[in-house]
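upload_17.cif follows; it contains mmCIF, C-alpha atoms.
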```cif
data_start
#
loop_
_atom_site.label_atom_id
_atom_site.label_comp_id
_atom_site.auth_asym_id
_atom_site.auth_seq_id
_atom_site.Cartn_x
_atom_site.Cartn_y
_atom_site.Cartn_z
CA MET W 793 8.36 -17.04 5.18
CA SER W 794 4.82 -16.96 3.95
CA SER W 795 3.00 -16.45 0.73
CA SER W 796 -0.37 -16.11 -0.91
CA ASN W 797 -1.15 -16.55 -4.56
CA SER W 798 -2.62 -13.71 -6.53
CA GLY W 799 -1.95 -11.56 -9.55
CA ASN W 800 -0.99 -8.60 -7.36
CA VAL W 801 2.58 -7.37 -7.04
CA GLY W 802 4.53 -9.47 -4.53
CA ILE W 803 6.28 -7.93 -1.53
CA VAL W 804 9.61 -9.16 -0.15
CA ILE W 805 10.97 -7.92 3.17
CA VAL W 806 14.73 -8.13 3.72
CA SER W 807 16.18 -7.19 7.09
CA HIS W 808 19.44 -7.94 8.90
CA SER W 809 17.25 -9.34 11.66
CA SER W 810 14.87 -12.21 11.00
CA LYS W 811 12.72 -10.89 13.86
CA VAL W 812 12.39 -7.49 12.21
CA ALA W 813 11.58 -9.10 8.86
CA GLU W 814 9.02 -11.46 10.37
CA GLY W 815 7.48 -8.67 12.45
CA ALA W 816 7.17 -6.39 9.44
CA ALA W 817 5.50 -9.24 7.54
CA ASP W 818 3.08 -9.71 10.45
CA MET W 819 2.14 -6.04 10.23
CA VAL W 820 1.51 -6.33 6.49
CA ARG W 821 -0.71 -9.39 6.96
CA GLN W 822 -2.70 -7.82 9.78
CA MET W 823 -3.09 -4.37 8.27
CA VAL W 824 -3.40 -5.13 4.59
CA GLY W 825 -4.70 -8.70 4.48
CA ASP W 826 -4.01 -11.73 2.33
CA ALA W 827 -4.50 -10.30 -1.17
CA VAL W 828 -0.77 -9.78 -1.69
CA PRO W 829 1.98 -12.39 -2.13
CA LEU W 830 4.41 -11.78 0.72
CA ALA W 831 7.70 -13.28 1.87
CA TRP W 832 10.44 -12.25 4.26
CA THR W 833 14.03 -13.15 4.96
CA GLY W 834 16.52 -11.99 7.56
CA GLY W 835 19.80 -13.02 9.10
CA ASP W 836 22.97 -14.52 7.66
CA ILE W 837 23.34 -18.23 6.83
CA ASP W 838 24.49 -19.00 10.38
CA GLY W 839 21.42 -17.40 11.91
CA GLY W 840 23.22 -14.25 13.04
CA LEU W 841 22.43 -10.70 12.04
CA GLY W 842 22.94 -10.09 8.35
CA THR W 843 21.44 -10.96 5.01
CA ASN W 844 22.21 -13.60 2.44
CA VAL W 845 21.62 -13.80 -1.28
CA ALA W 846 20.23 -17.35 -1.22
CA GLY W 847 17.61 -16.38 1.35
CA ILE W 848 16.60 -13.35 -0.70
CA LEU W 849 16.31 -15.47 -3.86
CA GLU W 850 14.06 -17.91 -2.00
CA ALA W 851 11.90 -15.05 -0.75
CA ILE W 852 11.56 -13.60 -4.26
CA GLU W 853 10.51 -17.04 -5.48
CA ALA W 854 7.97 -17.41 -2.65
CA ALA W 855 6.41 -14.00 -3.33
CA TRP W 856 6.62 -14.25 -7.11
CA SER W 857 3.83 -12.73 -9.14
CA PRO W 858 3.48 -12.12 -12.87
CA ALA W 859 3.00 -8.46 -11.90
CA GLY W 860 6.48 -8.45 -10.34
CA VAL W 861 7.99 -8.14 -6.89
CA ALA W 862 8.89 -5.09 -4.80
CA ILE W 863 11.68 -5.59 -2.26
CA LEU W 864 11.90 -3.56 0.95
CA VAL W 865 15.29 -3.51 2.66
CA ASP W 866 16.79 -2.04 5.82
CA LEU W 867 20.51 -1.22 5.75
CA GLY W 868 23.53 -1.44 3.41
CA GLY W 869 24.05 -5.18 2.94
CA ALA W 870 20.35 -5.85 2.66
CA GLU W 871 20.28 -3.55 -0.34
CA THR W 872 23.47 -4.78 -2.04
CA ASN W 873 22.57 -8.44 -1.46
CA SER W 874 19.08 -7.79 -2.80
CA GLU W 875 20.54 -6.18 -5.91
CA MET W 876 22.85 -9.18 -6.29
CA ALA W 877 19.88 -11.55 -5.95
CA VAL W 878 17.99 -9.61 -8.63
CA GLU W 879 20.97 -9.91 -10.97
CA MET W 880 20.98 -13.68 -10.46
CA LEU W 881 17.36 -14.05 -11.54
CA PRO W 882 16.49 -15.36 -15.00
CA GLU W 883 16.49 -12.49 -17.48
CA ASP W 884 12.72 -12.48 -17.99
CA ARG W 885 12.18 -11.98 -14.26
CA ARG W 886 14.98 -9.51 -13.58
CA THR W 887 13.09 -6.55 -15.04
CA ARG W 888 10.07 -7.28 -12.90
CA VAL W 889 11.80 -6.99 -9.52
CA VAL W 890 12.63 -3.65 -7.92
CA VAL W 891 14.34 -2.60 -4.70
CA CYS W 892 12.43 0.30 -3.10
CA ASN W 893 14.12 3.29 -1.53
CA ALA W 894 11.84 3.30 1.50
CA PRO W 895 11.89 2.44 5.22
CA VAL W 896 11.49 -1.32 5.56
CA VAL W 897 8.48 -1.55 7.90
CA GLU W 898 6.45 1.44 6.73
CA GLY W 899 7.43 0.84 3.12
CA ALA W 900 6.28 -2.79 3.27
CA VAL W 901 2.85 -1.83 4.62
CA ILE W 902 2.39 0.96 2.09
CA ALA W 903 3.69 -1.10 -0.84
CA ALA W 904 1.34 -3.94 0.10
CA THR W 905 -1.58 -1.51 0.44
CA GLU W 906 -0.88 -0.19 -3.05
CA SER W 907 -0.49 -3.73 -4.40
CA SER W 908 -3.71 -4.93 -2.78
CA GLY W 909 -5.59 -2.43 -4.94
CA GLY W 910 -4.18 -4.06 -8.07
CA SER W 911 -1.66 -1.30 -8.83
CA PRO W 912 1.27 -2.07 -11.17
CA LEU W 913 4.85 -2.48 -9.90
CA VAL W 914 5.86 1.10 -10.78
CA ALA W 915 2.98 2.50 -8.68
CA VAL W 916 3.77 0.17 -5.77
CA LYS W 917 7.39 1.38 -5.74
CA ARG W 918 6.38 5.03 -6.09
CA SER W 919 3.92 4.79 -3.21
CA ALA W 920 6.46 3.17 -0.85
CA GLU W 921 9.00 5.84 -1.76
CA GLU W 922 6.58 8.65 -0.92
CA PHE W 923 7.91 8.34 2.63
CA TYR W 924 11.10 10.07 1.54
CA ALA W 925 9.36 12.53 -0.77
CA MET E 615 -18.06 8.06 -28.82
CA PRO E 616 -20.79 7.69 -26.21
CA ASP E 617 -18.15 6.52 -23.75
CA ALA E 618 -15.90 9.49 -24.44
CA ASN E 619 -18.81 11.86 -23.93
CA ALA E 620 -19.80 10.14 -20.72
CA SER E 621 -16.33 10.40 -19.22
CA ARG E 622 -16.01 14.04 -20.27
CA ALA E 623 -19.31 14.74 -18.58
CA ALA E 624 -18.10 12.99 -15.43
CA GLU E 625 -14.86 14.97 -15.39
CA SER E 626 -16.55 18.31 -15.73
CA ALA E 627 -19.26 17.40 -13.23
CA VAL E 628 -19.45 19.23 -9.94
CA PRO E 629 -17.72 17.10 -7.27
CA LEU E 630 -19.92 15.23 -4.81
CA THR E 631 -19.18 16.07 -1.21
CA ALA E 632 -20.14 14.55 2.12
CA SER E 633 -18.72 14.31 5.60
CA ALA E 634 -18.64 11.89 8.50
CA VAL E 635 -17.27 11.99 12.04
CA LEU E 636 -14.45 9.62 12.94
CA VAL E 637 -15.90 7.46 15.68
CA ASN E 638 -13.20 4.83 16.07
CA ALA E 639 -10.92 5.28 19.08
CA VAL E 640 -7.62 5.77 17.24
CA GLY E 641 -8.86 8.15 14.54
CA LEU E 642 -7.29 7.94 11.11
CA HIS E 643 -4.10 6.18 12.13
CA ALA E 644 -2.23 3.47 10.27
CA ARG E 645 -4.76 0.66 10.06
CA PRO E 646 -7.82 2.80 9.29
CA SER E 647 -5.76 4.71 6.70
CA VAL E 648 -4.94 1.45 4.95
CA LYS E 649 -8.59 0.41 4.95
CA LEU E 650 -9.69 3.80 3.66
CA THR E 651 -7.20 3.83 0.78
CA GLN E 652 -8.05 0.22 -0.10
CA CYS E 653 -11.72 1.21 -0.24
CA ALA E 654 -11.00 4.34 -2.32
CA LYS E 655 -8.88 2.36 -4.78
CA ARG E 656 -11.83 0.17 -5.70
CA PHE E 657 -13.34 3.15 -7.54
CA ALA E 658 -12.26 4.98 -10.67
CA ALA E 659 -13.48 8.32 -9.32
CA SER E 660 -11.05 10.91 -8.06
CA ILE E 661 -11.41 10.88 -4.26
CA GLU E 662 -10.03 13.46 -1.85
CA LEU E 663 -10.47 14.03 1.86
CA ALA E 664 -9.93 16.95 4.21
CA LEU E 665 -10.49 17.96 7.84
CA ALA E 666 -12.31 21.14 6.79
CA PRO E 667 -14.99 21.67 4.14
CA ASP E 668 -12.67 23.96 2.17
CA GLY E 669 -9.62 21.71 2.32
CA PRO E 670 -6.66 21.40 2.05
CA TRP E 671 -7.50 18.22 0.13
CA THR E 672 -5.57 14.98 0.28
CA ASP E 673 -5.63 12.16 -2.28
CA ALA E 674 -7.62 9.42 -0.52
CA LYS E 675 -5.93 6.73 -2.63
CA SER E 676 -2.46 7.49 -1.22
CA PRO E 677 -1.88 5.64 2.07
CA VAL E 678 1.14 7.79 2.93
CA LYS E 679 -0.74 11.05 2.39
CA VAL E 680 -3.83 9.82 4.25
CA MET E 681 -1.71 8.86 7.29
CA ARG E 682 -0.06 12.30 7.24
CA VAL E 683 -3.49 13.91 7.79
CA LYS E 684 -3.38 12.42 11.33
CA ALA E 685 -7.09 12.91 11.84
CA PRO E 686 -8.00 12.20 15.48
CA GLN E 687 -11.15 10.62 16.90
CA GLY E 688 -14.02 13.09 16.77
CA ALA E 689 -12.65 14.89 13.70
CA THR E 690 -14.99 15.44 10.80
CA LEU E 691 -13.75 13.88 7.61
CA HIS E 692 -14.86 15.67 4.46
CA PHE E 693 -14.87 13.85 1.13
CA ARG E 694 -14.81 15.34 -2.35
CA VAL E 695 -15.44 12.87 -5.14
CA THR E 696 -15.48 13.32 -8.91
CA GLY E 697 -16.18 10.61 -11.46
CA ALA E 698 -18.73 8.25 -12.93
CA ASP E 699 -18.77 5.90 -9.91
CA GLY E 700 -18.46 8.78 -7.44
CA GLU E 701 -21.79 8.18 -5.80
CA ALA E 702 -21.00 4.55 -5.02
CA ALA E 703 -17.52 5.55 -3.82
CA LEU E 704 -18.93 8.15 -1.46
CA ALA E 705 -21.46 5.67 -0.04
CA ALA E 706 -18.75 3.06 0.56
CA LEU E 707 -16.40 5.54 2.24
CA LEU E 708 -19.11 6.97 4.51
CA ALA E 709 -20.17 3.45 5.49
CA LEU E 710 -16.57 2.61 6.36
CA VAL E 711 -16.08 5.72 8.52
CA ASN E 712 -19.47 5.41 10.22
CA ASP E 713 -18.68 1.80 11.00
CA GLY E 714 -15.50 2.89 12.77
CA PHE E 715 -13.46 0.95 10.17
CA GLY E 716 -14.79 -2.23 11.69
CA GLU E 717 -12.86 -1.70 14.91
CA ALA E 718 -15.15 0.70 16.80
#
```
Translate this structure into structure tokens?
Amino acid sequence: MSSSNSGNVGIVIVSHSSKVAEGAADMVRQMVGDAVPLAWTGGDIDGGLGTNVAGILEAIEAAWSPAGVAILVDLGGAETNSEMAVEMLPEDRRTRVVVCNAPVVEGAVIAATESSGGSPLVAVKRSAEEFYA
Amino acid sequence: MPDANASRAAESAVPLTASAVLVNAVGLHARPSVKLTQCAKRFAASIELALAPDGPWTDAKSPVKVMRVKAPQGATLHFRVTGADGEAALAALLALVNDGFGEA
């Protein structure tokens, strides 16, 4: 889990595998740079494959930005647990966190690229979702 | 008022165009595409690129669209730029391409 402070939209990577999540975060850092708050989480609470709400909440906190946070997820549980985590956020933050309908690795790089240019949350989400357009 | 007139003039202006050859080994793949869109986003001007002087044109500020161009090494990248800071944008983009995106 890593982070960097800035006013740009934060990116959170949620995968069933901590290795996938960490690797995707490495790609974002190498390709896009440090101008974007970034955090990742992967695995269930016992360290196996899966996702957990507490880990996602921590990642959202680590990548928090006043401009909001875009979450990239891989499969099923990653999405439902992310949605659950968003619902557990304080009300003033809930509306500034979105789960993107995009592939986790490619979406994270593209979302971070968009964010690094200072784009608002809605543009970051739209850009990541262009992969399925 | 002067501002409104200035922006109208910029919008109706003839686009600036220029081209550069991709010299970096991988062409316009993922990392160079990210650098190019990051560079383009620093400018207000509308910026498009194409592999031929008559298009089809691709929005240079969209990383997904730029990657889909899949321009290989040796390809000529054409830029079409419209807007008040278009000249500066074009100079920055050409410098980036000519520099091989810093990776040669």
Starting from the point (-19.6, 16.5, -5.0), work out which residues of protein, DNA or RNA have an atom no more than 9 Å away when counting only C-alpha atoms; state them as a PDB file with C-alpha atoms, in the coordinates of the input.
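Written output follows (result.pdb):
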```
ATOM      1  CA  ALA E 627     -19.260  17.400 -13.230  1.00  0.00           C
ATOM      2  CA  VAL E 628     -19.450  19.230  -9.940  1.00  0.00           C
ATOM      3  CA  PRO E 629     -17.720  17.100  -7.270  1.00  0.00           C
ATOM      4  CA  LEU E 630     -19.920  15.230  -4.810  1.00  0.00           C
ATOM      5  CA  THR E 631     -19.180  16.070  -1.210  1.00  0.00           C
ATOM      6  CA  ALA E 632     -20.140  14.550   2.120  1.00  0.00           C
ATOM      7  CA  PHE E 693     -14.870  13.850   1.130  1.00  0.00           C
ATOM      8  CA  ARG E 694     -14.810  15.340  -2.350  1.00  0.00           C
ATOM      9  CA  VAL E 695     -15.440  12.870  -5.140  1.00  0.00           C
ATOM     10  CA  THR E 696     -15.480  13.320  -8.910  1.00  0.00           C
ATOM     11  CA  GLY E 700     -18.460   8.780  -7.440  1.00  0.00           C
ATOM     12  CA  GLU E 701     -21.790   8.180  -5.800  1.00  0.00           C
TER      13      GLU E 701
END
```
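Distance-wise, CA of Ile803 in chain W and CA of Asp866 in chain W end up 14.1 Å apart.
Note that the spacing between CA of Thr887 in chain W and CA of Glu922 in chain W amounts to 21.7 Å.
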Once 5 Å is added on each side, what are the centre and the three edge lengths, in Å to one decimal, of the axis-aligned box enclosing the listed atoms of range 805-813 of chain W? Present them as lines of an AutoDock Vina configuration file.
```
center_x = 15.2
center_y = -9.7
center_z = 8.5
size_x = 18.5
size_y = 15.0
size_z = 20.7
```
Please report as an mmCIF file with C-alpha atoms, in the frame of the given file which residues of chain E come no farther than 8 Å from chain W, using only C-alpha atoms.
```cif
data_model
loop_
_atom_site.group_PDB
_atom_site.id
_atom_site.type_symbol
_atom_site.label_atom_id
_atom_site.label_comp_id
_atom_site.auth_asym_id
_atom_site.auth_seq_id
_atom_site.Cartn_x
_atom_site.Cartn_y
_atom_site.Cartn_z
ATOM 1 C CA ARG E 645 -4.760 0.660 10.060
ATOM 2 C CA VAL E 648 -4.940 1.450 4.950
ATOM 3 C CA LYS E 649 -8.590 0.410 4.950
ATOM 4 C CA THR E 651 -7.200 3.830 0.780
ATOM 5 C CA GLN E 652 -8.050 0.220 -0.100
ATOM 6 C CA LYS E 655 -8.880 2.360 -4.780
ATOM 7 C CA ARG E 656 -11.830 0.170 -5.700
ATOM 8 C CA SER E 676 -2.460 7.490 -1.220
ATOM 9 C CA PRO E 677 -1.880 5.640 2.070
ATOM 10 C CA VAL E 678 1.140 7.790 2.930
#
```
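For the choices E:Ser647, E:Gly697, E:Pro686, E:Gly716, the atom-to-atom distance to Ala674 in chain E is smallest for E:Ser647 when using only C-alpha atoms.
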key: Nearest to His808 in chain W, chosen from W:Glu883, W:Glu850, W:Asp826, W:Asp836, with only C-alpha atoms counted in the distances   =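 Checking each of W:Glu883, W:Glu850, W:Asp826, W:Asp836 against His808 in chain W, counting only C-alpha atoms, the winner is W:Asp836.
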query = What is the distance, in Å and to one decimal place, between CA of Ala654 in chain E and CA of Val640 in chain E?
reply = 19.9 Å
task = Let me know the residues the PyMOL selection byres ((chain E and resi 638) around 8) catches in the file above, as a list in words.
result =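 The output of the PyMOL selection byres ((chain E and resi 638) around 8) on this file is Leu636, Val637, Ala639, Val640, Gly641, Gln687, Gly714, Phe715, Glu717 and Ala718 of chain E.
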Shell of 6 Å around Leu642 in chain E, all atoms listed in the file, local chain residues under 3 positions omitted, as a ChimeraX atom specification = /E:646-647,684-685
Selection to disk with C-alpha atoms, as a PDB file, in the frame of the given file:
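Result file follows (part_8.pdb):
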```pdb
ATOM      1  CA  PRO E 646      -7.820   2.800   9.290  1.00  0.00           C
ATOM      2  CA  SER E 647      -5.760   4.710   6.700  1.00  0.00           C
ATOM      3  CA  LYS E 684      -3.380  12.420  11.330  1.00  0.00           C
ATOM      4  CA  ALA E 685      -7.090  12.910  11.840  1.00  0.00           C
TER       5      ALA E 685
END
```
Starting from the shown file, work through the PyMOL selection byres ((chain W and resi 873-875) around 10) and note down what comes out as a PDB file with C-alpha atoms, keeping the file's coordinate frame.
```
ATOM      1  CA  VAL W 804       9.610  -9.160  -0.150  1.00  0.00           C
ATOM      2  CA  VAL W 806      14.730  -8.130   3.720  1.00  0.00           C
ATOM      3  CA  GLY W 842      22.940 -10.090   8.350  1.00  0.00           C
ATOM      4  CA  THR W 843      21.440 -10.960   5.010  1.00  0.00           C
ATOM      5  CA  ASN W 844      22.210 -13.600   2.440  1.00  0.00           C
ATOM      6  CA  VAL W 845      21.620 -13.800  -1.280  1.00  0.00           C
ATOM      7  CA  ALA W 846      20.230 -17.350  -1.220  1.00  0.00           C
ATOM      8  CA  GLY W 847      17.610 -16.380   1.350  1.00  0.00           C
ATOM      9  CA  ILE W 848      16.600 -13.350  -0.700  1.00  0.00           C
ATOM     10  CA  LEU W 849      16.310 -15.470  -3.860  1.00  0.00           C
ATOM     11  CA  ILE W 852      11.560 -13.600  -4.260  1.00  0.00           C
ATOM     12  CA  ILE W 863      11.680  -5.590  -2.260  1.00  0.00           C
ATOM     13  CA  LEU W 864      11.900  -3.560   0.950  1.00  0.00           C
ATOM     14  CA  VAL W 865      15.290  -3.510   2.660  1.00  0.00           C
ATOM     15  CA  GLY W 868      23.530  -1.440   3.410  1.00  0.00           C
ATOM     16  CA  GLY W 869      24.050  -5.180   2.940  1.00  0.00           C
ATOM     17  CA  ALA W 870      20.350  -5.850   2.660  1.00  0.00           C
ATOM     18  CA  GLU W 871      20.280  -3.550  -0.340  1.00  0.00           C
ATOM     19  CA  THR W 872      23.470  -4.780  -2.040  1.00  0.00           C
ATOM     20  CA  MET W 876      22.850  -9.180  -6.290  1.00  0.00           C
ATOM     21  CA  ALA W 877      19.880 -11.550  -5.950  1.00  0.00           C
ATOM     22  CA  VAL W 878      17.990  -9.610  -8.630  1.00  0.00           C
ATOM     23  CA  GLU W 879      20.970  -9.910 -10.970  1.00  0.00           C
ATOM     24  CA  MET W 880      20.980 -13.680 -10.460  1.00  0.00           C
ATOM     25  CA  VAL W 889      11.800  -6.990  -9.520  1.00  0.00           C
ATOM     26  CA  VAL W 890      12.630  -3.650  -7.920  1.00  0.00           C
ATOM     27  CA  VAL W 891      14.340  -2.600  -4.700  1.00  0.00           C
TER      28      VAL W 891
END
```
request  = Would you kindly return, as a ChimeraX atom specification, each protein, DNA or RNA residue with an atom no farther than 8 Å from any atom of Thr672 in chain E, considering only C-alpha atoms and excluding same-chain residues fewer than 6 positions away?
outcome  = /E:662-664,679-680,683
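Between Val828 in chain W and the candidates W:Val914, W:Asp884, W:Val801, W:Val812, the tightest atom-to-atom separation, counting only C-alpha atoms, involves W:Val801.
Every protein or nucleic acid residue with an atom no more than 7 Å from Ala855 in chain W, counting all atoms listed in the file and leaving out same-chain residues fewer than 2 positions away, appears here: Ser795, Gly802, Ile803, Val804, Pro829, Leu830, Ala831, Ala851, Ile852, Glu853 and Ser857 of chain W.
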How would range 912-924 of chain W look with N, CA and C atoms restored, written as a tab-separated table (two decimals), in the frame of the given file?
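Below is the file that was written, out36.tsv:
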```
chain	number	residue	atom	x	y	z
W	912	PRO	N	0.08	-1.49	-10.55
W	912	PRO	CA	1.27	-2.07	-11.17
W	912	PRO	C	2.52	-1.81	-10.34
W	913	LEU	N	3.60	-2.54	-10.66
W	913	LEU	CA	4.85	-2.48	-9.90
W	913	LEU	C	5.37	-1.04	-9.75
W	914	VAL	N	5.32	-0.26	-10.83
W	914	VAL	CA	5.86	1.10	-10.78
W	914	VAL	C	5.11	1.95	-9.75
W	915	ALA	N	3.79	1.74	-9.64
W	915	ALA	CA	2.98	2.50	-8.68
W	915	ALA	C	3.25	2.03	-7.25
W	916	VAL	N	3.46	0.73	-7.09
W	916	VAL	CA	3.77	0.17	-5.77
W	916	VAL	C	5.08	0.76	-5.25
W	917	LYS	N	6.09	0.82	-6.12
W	917	LYS	CA	7.39	1.38	-5.74
W	917	LYS	C	7.25	2.87	-5.42
W	918	ARG	N	6.54	3.59	-6.27
W	918	ARG	CA	6.38	5.03	-6.09
W	918	ARG	C	5.70	5.34	-4.76
W	919	SER	N	4.68	4.55	-4.44
W	919	SER	CA	3.92	4.79	-3.21
W	919	SER	C	4.80	4.56	-1.99
W	920	ALA	N	5.57	3.46	-1.99
W	920	ALA	CA	6.46	3.17	-0.85
W	920	ALA	C	7.48	4.29	-0.69
W	921	GLU	N	7.94	4.82	-1.81
W	921	GLU	CA	9.00	5.84	-1.76
W	921	GLU	C	8.47	7.22	-1.43
W	922	GLU	N	7.16	7.36	-1.31
W	922	GLU	CA	6.58	8.65	-0.92
W	922	GLU	C	7.03	9.03	0.48
W	923	PHE	N	7.48	8.03	1.28
W	923	PHE	CA	7.91	8.34	2.63
W	923	PHE	C	9.11	9.28	2.64
W	924	TYR	N	9.92	9.21	1.59
W	924	TYR	CA	11.10	10.07	1.54
W	924	TYR	C	10.86	11.29	0.65
```
